[in-house]
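S.K.: Provided herewith is a single structure, encoded as structure tokens, for subsequent inquiry.
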Amino acid sequence: MGRFKTVVPLVVVLLVLFLLGYPIAFLLAYPQAKNRFEDPTQWTQRTIYALPPVMLASSQLQFGSEADLQNGLLIHDDTPVKFGYQVEDDGIRISKSLSIIPLVVPTPNEGLKDGQNRVFHVSTAAPNRPVYLDGKLLKNSYEAPPEKPDSQRTVFTFSDSSGVFIFRGEWLQLSKDYTLNGDSLVLHEPPPLWLELRSEPDWARPLRITGDYAWANDETLVFREPPPAHSELLLAESLIFWAERLQGSNDGVNRLFSFRHGKIVVNDPLRQIYVNDQLLSEDAYQVVDFARGTILLKDAPKRESRVWTSQYAIYDRPLCGATIWDCVLSLPQQPMPLPHQIIERVPAFLTRYDFQSERNVWRQIFYTMEGTLVSLLLGTFFGALFAILFVFYLPLERAFLPWVIASQTVPIIALVPVLILVLANLGIPIQTSRWPTALIGGYLSFFPITIGLTKGLRSVDPLKLDLMQSYAATRAQELLKLRLFAALPYLFPSLKIGATVSLLGALISETETSNAKGLGFAIIGQVQAGNVADLWVLFLITAAMGIIIVSLLGWLEKLVAPWVRNL
Amino acid sequence: MNAPIIAVKGVHKIFKTRGNTPLSVLQDVNLSIAEGEFVTFIGPSGCGKTTLLRLIADLEEITSGAIDVKEKTPKQARLDRDYGYVFQSPVLYEWRTVEQNVLLPLEVMQVPKSEREPRAQQMLALVGLKEFTRHYPWQLSGGMQQRVSIARALSFSPSILLMDEPFGALDEITREQLQLELLNIQNTLKTSILFVTHSIPEAVFLSTRTIVMSPRPGRIQEIIEIDLPRPRTVETRELSKFFELSTRVRESLRTMGAH
């Protein structure tokens with residue numbers, strides 16, 4: 001047992017650190033972590049596609065059979081999807097839901113498919129829909145001139161002048177409508193209708209088609225090359241979604257419905273909510289809780305209605321992790337570091353071998369330890385002096401004890417700068433001198449020693465005093481041969497307190513003397529740098545120093561006063 | 001006859017305790033003790049036996065009356081180290097070994113260093129603790145501790161030994177053994193002994209005179225001459241005279257109970 005006596009407190013310290021450290025650190029970090037965990041903008045985005053039921057309800061969609069699907073109706077990344085989905089009663093279930101999969105359907109369109117015509121009009125307004133020609137996805141690519149057009153402008157500059165230019169939905173013909181001057185397009189006439197610039201959409205500018213086609217306006221599609229005669233022009237009607245049934249009571253009264261998968265994207269412009277087959281307008285519902293994926297319908301749907309969402313994407317996992325605990329771990333700056341984050345930093349401290357550097361932690365430990373011991377010696381000297389005077393001359397105690405007590409109520413933080421100023425005025429070089437440390441530590445430690453030793457010197461067995469009196473001993477003999485020994489059981493606890501406050505005094509004085517030495521300086525440095533974990537490592541080091549000093553004193557006590565434990 | 005070694009003349013002792021009424025402990029005590037006597041004091045608890053011993057030792061102050069110790073005031077006698085004092089408990093210094101405890105008075109009295117150790121050794125031999133010089137008090141039994149305390153009291157060869165129930169806390173066997181040893185020591189050193197006890201057989205066995213004291217305020221009830229043959233041995237306890245004297249002491253104690 002004795003062998004482990006010094007190890008046990010250290011083990012207990014570590015145990016307490018871990019047992020209390022995690023809950024405390026967790027509780028302190030919890031609000032911040034919870035915020036990150038629940039804030040949808042802090043979530044990873046996993047795209048989920050849903051097919052609005054309305055699409056299925058439309059009879060013109062003829063993909064009830066496997067063959068239709070295999071004919072390229074479902075295209076994913078330019079490739080018809082053949083596997084990874086299946087058609088079900090209420091939608092297409094896509095098991096490989098990776099990205100937007102356009103549903104390609106024949107679109108009524110106007111345009112002469114004579115092999116010459118390049119301009120087609122489609123009735124449904126759907127810009128940027130993918131376009132298929134004979135089952136092949138075409139490349140929508142164009143370049144707009146960097147300059148903003150105005151009513152008088154006739155010259156537009158492109159990076160290169162090859163390609164087809166379209167203007168206000170009409171494709172331009174070289175030499176008839178414009179000429180090319182280097183990379184500049186020069187219109188023969190200034191655009192006539194651009195007085196109302198504010199309402200002109202982007203596509204009203206000249207566009208140069210660099211891919212297969214470009215949209216000239218919402219309803220006008222211009223091809224770079226005329227499509228072959230009798231070719232089949234297909235447009236993706238919409239994005240295919242995997243329709244997601246929202247959960248909620250269908251009692252005809254309830255207006256709250258929740259998304260089973262959790263979150264709903266904040267401000268998702270593509271979100272569509274359907275009641276049965278009816279698409280709701282944006283003001284017919286509101287999202288009341290993104291985190292729980294809850295929407296509130298303006299009107300309660302009829303009984304047995306089905307509420308669907310075409311949720312375009314959901315955030316299903318916070319970026320910081322799957323649980324709040326992960327989010328705590330990933331917090332960049334915790335109010336209190338987690339125990340293992342502190343322990344991780346310890347080797348980096350203790351394996352510094354640059355002993356020449358004042359920043360070396362071993363040197364700092366040595367410096368602080370030296371200061372502590374000097375302070376303790378000074379404190380012990382004055383503490384003992386006071387105690388002996390008090391014991392032998394009671395009026396002195398009456399006169400001075402209030403001052404001794406008052407001295408300890410002076411805020412030490414305020415005292416340190418004053419003391420340093422005084423020392424500096426006395427011509428003591430405070431940068432190199434140990435006086436500030438010794439005085440502060442001694443100032444703090446003399447108090448417990450005075451109190452403890454006074455009590456100890458008085459706590460002599462009266463019969464032992466009688467014995468001394470029967471020998472006609474002098475007061476000095478009484479002190480040296482009796483009282484000092486009898487006071488040892490009281491002195492050591494006081495010394496232990498004195499040692500810890502000496503350490504405190506040394507640390508405080510080091511923060512103020514700005515000579516860049518000692519652990520006190522290191523602590524201030526880490527505070528200013530905001531290295532919370534390193535700060536805690538320094539706390540651990542100072543705590544370990546305190547434990548070591550106190551256990552050394554315990555060892556000394558056993559050596560010097562072995563009878564104490566037999567009393 | 002020589003002058004008495006201790007003369008107690010009309011001593012009163014009143015303890016003035018704060019708040020309480022003054023406590024009269026000793027009242028008009030007169031006593032004369034010759035050199036080489038072994039006087040025991042016996043009486044009920046609180047009759048002032050210990051106080052009387054402490055007055056003689058100058059550990060308390062006399063309220064009125066006077067005590068002469070070797071024709072001096074008790075204070076002067078104390079300063080002259082005329083007596084050794086043995087308390088009921090051994091009062092050993094725990095931080096000193098047996099030998100160092102015996103050396104303590106010699107150190108305090110600044111006996112020359114060369115003389116100290118032989119003296120301590122001699123005293124320890126006298127109490128039969130020669131083998132335990134390096135032991136610490138807590139390593140000894142109660143009886144051994146009390147022997148150390150006797151050796152310590154005798155180490156500076158005082159002419160008077162004041163003993164305040166020294167064997168009170170010991171078991172019967174140890175006690176009787178120590179009584180014999182004490183008598184041997186007295187025989188060797190010719191010390192005058194004043195011995196406070198609660199035990200009638202102890203008082204009778206040890207002393208030349210037993211002083212029976214009455215309860216508070218303490219007065220001397222009766223002084224009984226113990227004319228048992230000396231030196232006293234184990235057989236002394238079996239003499240009919242021993243029983244007679246014990247009965248006398250007991251009766252003396254009982255009569256004052258009838259007051």
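Letters for chains follow the order of the structure tokens (A, B, ...), residue numbers begin at 1 for each chain, and ligand numbers begin at 1 in the order shown.
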Please report as a VMD selection string which residues of chain B come no farther than 9 Å from chain A, using only C-alpha atoms.
M.R.: chain B and resid 57 to 59 78 to 81 83 to 87 89 91 to 95 104 to 105 108 to 109 136 138
S.K.: Write a file of the just-selected residues containing N, CA and C atoms, as an mmCIF file, in the first residue's frame.
M.R.:
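Ended up saving to again35.cif:
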data_model
loop_
_atom_site.group_PDB
_atom_site.id
_atom_site.type_symbol
_atom_site.label_atom_id
_atom_site.label_comp_id
_atom_site.auth_asym_id
_atom_site.auth_seq_id
_atom_site.Cartn_x
_atom_site.Cartn_y
_atom_site.Cartn_z
ATOM 1 N N ALA B 57 5.444 21.321 44.987
ATOM 2 C CA ALA B 57 6.288 21.378 43.798
ATOM 3 C C ALA B 57 6.324 22.750 43.157
ATOM 4 N N ASP B 58 5.576 23.696 43.746
ATOM 5 C CA ASP B 58 5.477 25.049 43.162
ATOM 6 C C ASP B 58 4.878 25.020 41.764
ATOM 7 N N LEU B 59 3.943 24.084 41.559
ATOM 8 C CA LEU B 59 3.201 24.105 40.305
ATOM 9 C C LEU B 59 1.879 24.858 40.481
ATOM 10 N N ARG B 78 12.226 24.500 43.741
ATOM 11 C CA ARG B 78 12.040 24.092 42.342
ATOM 12 C C ARG B 78 13.227 24.571 41.505
ATOM 13 N N LEU B 79 13.598 25.844 41.729
ATOM 14 C CA LEU B 79 14.718 26.394 40.960
ATOM 15 C C LEU B 79 16.011 25.654 41.289
ATOM 16 N N ASP B 80 16.097 25.145 42.522
ATOM 17 C CA ASP B 80 17.286 24.379 42.908
ATOM 18 C C ASP B 80 17.190 22.912 42.513
ATOM 19 N N ARG B 81 16.098 22.575 41.844
ATOM 20 C CA ARG B 81 15.859 21.191 41.388
ATOM 21 C C ARG B 81 15.982 20.192 42.539
ATOM 22 N N TYR B 83 13.440 18.459 43.762
ATOM 23 C CA TYR B 83 12.516 17.326 43.741
ATOM 24 C C TYR B 83 12.337 16.817 42.299
ATOM 25 N N GLY B 84 11.970 15.553 42.231
ATOM 26 C CA GLY B 84 11.521 14.981 40.974
ATOM 27 C C GLY B 84 10.031 14.721 41.080
ATOM 28 N N TYR B 85 9.329 14.825 39.971
ATOM 29 C CA TYR B 85 7.871 14.709 40.012
ATOM 30 C C TYR B 85 7.443 13.608 39.061
ATOM 31 N N VAL B 86 6.640 12.679 39.557
ATOM 32 C CA VAL B 86 6.102 11.624 38.702
ATOM 33 C C VAL B 86 4.586 11.765 38.687
ATOM 34 N N PHE B 87 4.037 11.907 37.468
ATOM 35 C CA PHE B 87 2.597 12.105 37.344
ATOM 36 C C PHE B 87 1.886 10.768 37.235
ATOM 37 N N SER B 89 0.060 9.818 34.741
ATOM 38 C CA SER B 89 0.436 9.276 33.427
ATOM 39 C C SER B 89 1.935 9.499 33.237
ATOM 40 N N VAL B 91 3.708 10.868 30.989
ATOM 41 C CA VAL B 91 4.102 12.160 30.426
ATOM 42 C C VAL B 91 5.488 12.073 29.778
ATOM 43 N N LEU B 92 5.649 11.065 28.937
ATOM 44 C CA LEU B 92 6.915 10.968 28.201
ATOM 45 C C LEU B 92 6.808 11.825 26.943
ATOM 46 N N TYR B 93 7.952 12.323 26.462
ATOM 47 C CA TYR B 93 7.962 13.079 25.208
ATOM 48 C C TYR B 93 8.066 12.082 24.070
ATOM 49 N N GLU B 94 7.020 12.059 23.262
ATOM 50 C CA GLU B 94 6.914 11.004 22.243
ATOM 51 C C GLU B 94 8.052 11.053 21.237
ATOM 52 N N TRP B 95 8.619 12.230 21.057
ATOM 53 C CA TRP B 95 9.669 12.376 20.042
ATOM 54 C C TRP B 95 11.050 11.994 20.572
ATOM 55 N N LEU B 104 16.381 14.169 29.376
ATOM 56 C CA LEU B 104 15.756 15.488 29.276
ATOM 57 C C LEU B 104 16.066 16.416 30.451
ATOM 58 N N PRO B 105 15.798 15.971 31.700
ATOM 59 C CA PRO B 105 16.096 16.898 32.810
ATOM 60 C C PRO B 105 17.578 17.246 32.877
ATOM 61 N N VAL B 108 18.143 19.924 30.382
ATOM 62 C CA VAL B 108 17.579 21.196 30.827
ATOM 63 C C VAL B 108 18.462 21.806 31.927
ATOM 64 N N MET B 109 18.958 20.946 32.799
ATOM 65 C CA MET B 109 19.761 21.446 33.922
ATOM 66 C C MET B 109 21.215 21.635 33.543
ATOM 67 N N TYR B 136 11.105 3.860 21.504
ATOM 68 C CA TYR B 136 10.272 5.051 21.671
ATOM 69 C C TYR B 136 9.136 4.726 22.639
ATOM 70 N N TRP B 138 5.974 4.822 22.599
ATOM 71 C CA TRP B 138 4.794 4.062 22.159
ATOM 72 C C TRP B 138 5.096 2.581 21.979
#
S.K.: Using only C-alpha atoms, which protein or nucleic acid residues come within 7 Å of Thr191 of chain B? Drop anything in the same chain fewer than 5 positions from it, and give the result as a list in words.
M.R.: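 Counting only the stated atoms, we get Gly36, Ser159, Ile160, Leu161 and Gln186 of chain B.
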S.K.: Please provide the set of residues having any atom within 12 Å of Thr197 of chain B, restricted to only C-alpha atoms, with same-chain residues fewer than 4 positions apart removed, written as number ranges by chain.
M.R.: B: 39-45, 47-50, 53, 87-88, 162-169, 175, 179, 201-207, 210-213
S.K.: Rounded to one decimal place, report the atom CA of Asp227 of chain B-atom CA of Ile173 of chain B distance in Å.
M.R.: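 Here the two named atoms are 24.5 Å from each other.
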S.K.: Rounded to one decimal in Å, what is the spacing between atom CA of Glu304 of chain A and atom CA of Asp283 of chain A?
M.R.: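 According to the coordinates, atom CA of Glu304 of chain A and atom CA of Asp283 of chain A are separated by 22.5 Å.
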S.K.: Find, counting only C-alpha atoms, the residue in B:Leu189, B:Met123, B:Val11, B:Ile56 that gets nearest to Lys75 of chain B.
M.R.: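 Among the listed residues, the smallest separation from Lys75 of chain B belongs to B:Ile56.
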S.K.: So that I can check the surroundings of Pro227 of chain A, please list as a list in words every protein, DNA and RNA residue that reaches within 10 Å of it, counting only C-alpha atoms and ignoring chain neighbours fewer than 5 positions away.
M.R.: Leu112, Lys113, Asp114, Gly115, Gln116, Asn117, Arg118, Val119, Leu133, Asp134, Asp212, Glu232 and Leu233 of chain A
S.K.: Can you write out the residues you just picked, keeping N, CA and C atoms, as a CSV table (one decimal), in the first residue's frame?
M.R.:
chain,number,residue,atom,x,y,z
A,112,LEU,N,-41.5,23.6,-87.5
A,112,LEU,CA,-41.5,22.8,-88.7
A,112,LEU,C,-40.4,21.9,-88.6
A,113,LYS,N,-40.6,20.6,-88.6
A,113,LYS,CA,-39.5,19.6,-88.6
A,113,LYS,C,-39.2,19.2,-90.1
A,114,ASP,N,-38.7,20.3,-90.8
A,114,ASP,CA,-38.4,20.0,-92.2
A,114,ASP,C,-36.9,19.9,-92.4
A,115,GLY,N,-36.1,19.8,-91.4
A,115,GLY,CA,-34.7,19.7,-91.5
A,115,GLY,C,-34.0,21.0,-91.7
A,116,GLN,N,-34.9,22.1,-91.8
A,116,GLN,CA,-34.3,23.4,-92.0
A,116,GLN,C,-34.5,24.3,-90.7
A,117,ASN,N,-35.7,24.1,-90.2
A,117,ASN,CA,-36.1,25.0,-89.1
A,117,ASN,C,-35.3,24.8,-87.8
A,118,ARG,N,-34.9,25.8,-87.2
A,118,ARG,CA,-34.1,25.7,-86.0
A,118,ARG,C,-34.9,26.2,-84.7
A,119,VAL,N,-36.0,26.9,-84.9
A,119,VAL,CA,-36.7,27.5,-83.8
A,119,VAL,C,-38.0,26.7,-83.5
A,133,LEU,N,-33.3,14.7,-78.3
A,133,LEU,CA,-33.7,14.6,-79.8
A,133,LEU,C,-33.4,13.1,-80.1
A,134,ASP,N,-34.5,12.5,-80.5
A,134,ASP,CA,-34.4,11.0,-80.8
A,134,ASP,C,-33.7,10.2,-79.7
A,212,ASP,N,-25.6,22.5,-78.4
A,212,ASP,CA,-26.6,22.1,-79.4
A,212,ASP,C,-27.7,23.1,-79.6
A,232,GLU,N,-37.8,13.2,-83.6
A,232,GLU,CA,-38.6,13.3,-82.4
A,232,GLU,C,-38.0,14.2,-81.4
A,233,LEU,N,-38.7,15.2,-81.1
A,233,LEU,CA,-38.2,16.2,-80.1
A,233,LEU,C,-38.9,15.9,-78.7
S.K.: Extract the full set of helix (DSSP H, G or I) residues from segment 318-407 of chain A according to DSSP on the backbone, and format it as an mmCIF file with C-alpha atoms, in the first residue's frame.
M.R.:
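Full text of result-v9.cif as output:
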data_model
loop_
_atom_site.group_PDB
_atom_site.id
_atom_site.type_symbol
_atom_site.label_atom_id
_atom_site.label_comp_id
_atom_site.auth_asym_id
_atom_site.auth_seq_id
_atom_site.Cartn_x
_atom_site.Cartn_y
_atom_site.Cartn_z
ATOM 1 C CA ILE A 324 -25.001 15.602 -30.370
ATOM 2 C CA TRP A 325 -22.005 13.938 -28.790
ATOM 3 C CA ASP A 326 -20.206 14.013 -32.169
ATOM 4 C CA CYS A 327 -21.130 17.659 -32.467
ATOM 5 C CA VAL A 328 -19.625 18.326 -29.038
ATOM 6 C CA LEU A 329 -16.434 16.630 -30.161
ATOM 7 C CA SER A 330 -16.285 18.613 -33.376
ATOM 8 C CA PRO A 339 -10.659 15.311 -20.816
ATOM 9 C CA HIS A 340 -9.123 13.280 -23.624
ATOM 10 C CA GLN A 341 -8.492 16.458 -25.591
ATOM 11 C CA ILE A 342 -6.507 17.677 -22.610
ATOM 12 C CA ILE A 343 -4.660 14.396 -22.160
ATOM 13 C CA GLU A 344 -3.796 14.350 -25.853
ATOM 14 C CA ARG A 345 -1.886 17.586 -25.386
ATOM 15 C CA VAL A 346 0.143 16.360 -22.411
ATOM 16 C CA PRO A 347 2.875 14.465 -24.323
ATOM 17 C CA ALA A 348 3.491 17.495 -26.516
ATOM 18 C CA PHE A 349 4.269 19.439 -23.363
ATOM 19 C CA LEU A 350 6.334 16.903 -21.532
ATOM 20 C CA VAL A 361 7.686 23.536 -19.783
ATOM 21 C CA TRP A 362 10.277 21.748 -17.659
ATOM 22 C CA ARG A 363 12.147 24.982 -17.192
ATOM 23 C CA GLN A 364 8.886 26.721 -16.376
ATOM 24 C CA ILE A 365 8.065 24.029 -13.840
ATOM 25 C CA PHE A 366 11.499 24.335 -12.298
ATOM 26 C CA TYR A 367 11.269 28.118 -12.163
ATOM 27 C CA THR A 368 7.843 28.066 -10.541
ATOM 28 C CA MET A 369 8.843 25.304 -8.140
ATOM 29 C CA GLU A 370 11.897 27.279 -7.099
ATOM 30 C CA GLY A 371 9.730 30.334 -6.490
ATOM 31 C CA THR A 372 7.259 28.257 -4.495
ATOM 32 C CA LEU A 373 9.940 26.825 -2.225
ATOM 33 C CA VAL A 374 11.581 30.205 -1.651
ATOM 34 C CA SER A 375 8.155 31.660 -0.826
ATOM 35 C CA LEU A 376 7.349 28.813 1.498
ATOM 36 C CA LEU A 377 10.651 29.192 3.332
ATOM 37 C CA LEU A 378 10.086 32.922 3.722
ATOM 38 C CA GLY A 379 6.479 32.362 4.812
ATOM 39 C CA THR A 380 7.535 29.691 7.274
ATOM 40 C CA PHE A 381 10.202 31.927 8.755
ATOM 41 C CA PHE A 382 7.850 34.823 9.330
ATOM 42 C CA GLY A 383 4.956 32.549 10.299
ATOM 43 C CA ALA A 384 7.112 30.883 12.942
ATOM 44 C CA LEU A 385 8.391 34.236 14.147
ATOM 45 C CA PHE A 386 4.878 35.578 14.600
ATOM 46 C CA ALA A 387 3.673 32.365 16.216
ATOM 47 C CA ILE A 388 6.525 32.293 18.733
ATOM 48 C CA LEU A 389 6.041 35.954 19.607
ATOM 49 C CA PHE A 390 2.307 35.421 19.971
ATOM 50 C CA VAL A 391 2.744 32.410 22.216
ATOM 51 C CA PHE A 392 5.258 34.022 24.516
ATOM 52 C CA LEU A 394 -0.061 37.311 24.469
ATOM 53 C CA PRO A 395 -0.637 41.100 24.113
ATOM 54 C CA LEU A 396 1.345 40.923 20.888
ATOM 55 C CA GLU A 397 -1.184 38.479 19.499
ATOM 56 C CA ARG A 398 -4.042 40.708 20.575
ATOM 57 C CA ALA A 399 -2.376 43.624 18.831
ATOM 58 C CA PHE A 400 -1.186 41.943 15.656
ATOM 59 C CA LEU A 401 -3.601 39.127 14.887
ATOM 60 C CA PRO A 402 -6.210 41.496 13.425
ATOM 61 C CA TRP A 403 -3.500 42.860 11.128
ATOM 62 C CA VAL A 404 -2.438 39.370 10.153
ATOM 63 C CA ILE A 405 -6.021 38.488 9.284
ATOM 64 C CA ALA A 406 -6.577 41.750 7.467
ATOM 65 C CA SER A 407 -3.464 41.126 5.408
#
S.K.: Would you please give, as a ChimeraX atom specification, all residues of segment 21-199 of chain B that DSSP assigns to strand (DSSP E) based on the backbone?
M.R.: /B:23-33,38-42,64-69,83-86,160-164,192-197
S.K.: For the selection just defined, write its residues with C-alpha atoms to a file, as a short mmCIF file (atom, residue, chain, number, x, y, z; two decimals), in the first residue's frame.
M.R.:
data_model
loop_
_atom_site.label_atom_id
_atom_site.label_comp_id
_atom_site.auth_asym_id
_atom_site.auth_seq_id
_atom_site.Cartn_x
_atom_site.Cartn_y
_atom_site.Cartn_z
CA LEU B 23 -13.41 26.55 45.52
CA SER B 24 -11.67 25.82 48.78
CA VAL B 25 -9.47 22.79 48.18
CA LEU B 26 -7.13 22.72 51.16
CA GLN B 27 -7.87 24.06 54.59
CA ASP B 28 -5.32 24.55 57.31
CA VAL B 29 -3.00 21.75 56.39
CA ASN B 30 -0.07 21.24 58.75
CA LEU B 31 2.49 18.59 58.10
CA SER B 32 6.12 17.85 58.73
CA ILE B 33 8.10 15.27 56.80
CA PHE B 38 8.09 7.57 52.59
CA VAL B 39 4.82 9.37 53.13
CA THR B 40 1.64 8.34 51.36
CA PHE B 41 -1.42 10.52 51.03
CA ILE B 42 -4.77 8.81 50.83
CA SER B 64 -2.29 31.37 52.52
CA GLY B 65 0.08 29.65 54.90
CA ALA B 66 3.59 28.52 54.01
CA ILE B 67 5.52 25.53 52.86
CA ASP B 68 9.19 24.99 53.54
CA VAL B 69 11.01 22.62 51.29
CA TYR B 83 12.52 17.33 43.74
CA GLY B 84 11.52 14.98 40.97
CA TYR B 85 7.87 14.71 40.01
CA VAL B 86 6.10 11.62 38.70
CA ILE B 160 12.64 14.49 47.19
CA LEU B 161 10.41 12.47 44.88
CA LEU B 162 6.84 13.65 44.48
CA MET B 163 4.63 10.93 43.08
CA ASP B 164 1.04 11.59 42.11
CA SER B 192 12.34 11.17 50.54
CA ILE B 193 9.12 10.20 48.79
CA LEU B 194 5.69 11.83 48.93
CA PHE B 195 3.25 9.47 47.30
CA VAL B 196 -0.40 10.12 46.50
CA THR B 197 -2.58 7.03 46.12
#
S.K.: Name the residues in contact with Pro9 of chain A at a cut-off of 12 Å, using only C-alpha atoms, excluding same-chain residues fewer than 4 positions from it; report them as an MDAnalysis selection string.
M.R.: chainID A and resid 4:5 13:17 543:544 546:548 550:551
S.K.: Here is a test: counting only C-alpha atoms, which residue of A:Ala300, A:Ala29, A:Leu331, A:Val11 is nearest to Leu319 of chain A?
M.R.: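 Result for the nearest residue to Leu319 of chain A: A:Leu331.
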S.K.: Using only C-alpha atoms, can you tell me which of A:Lys455, A:Asp177, A:Leu538, A:Gly518 comes closest to Ser357 of chain A?
M.R.: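 Looking only at the distances to Ser357 of chain A, the closest residue turns out to be A:Gly518.
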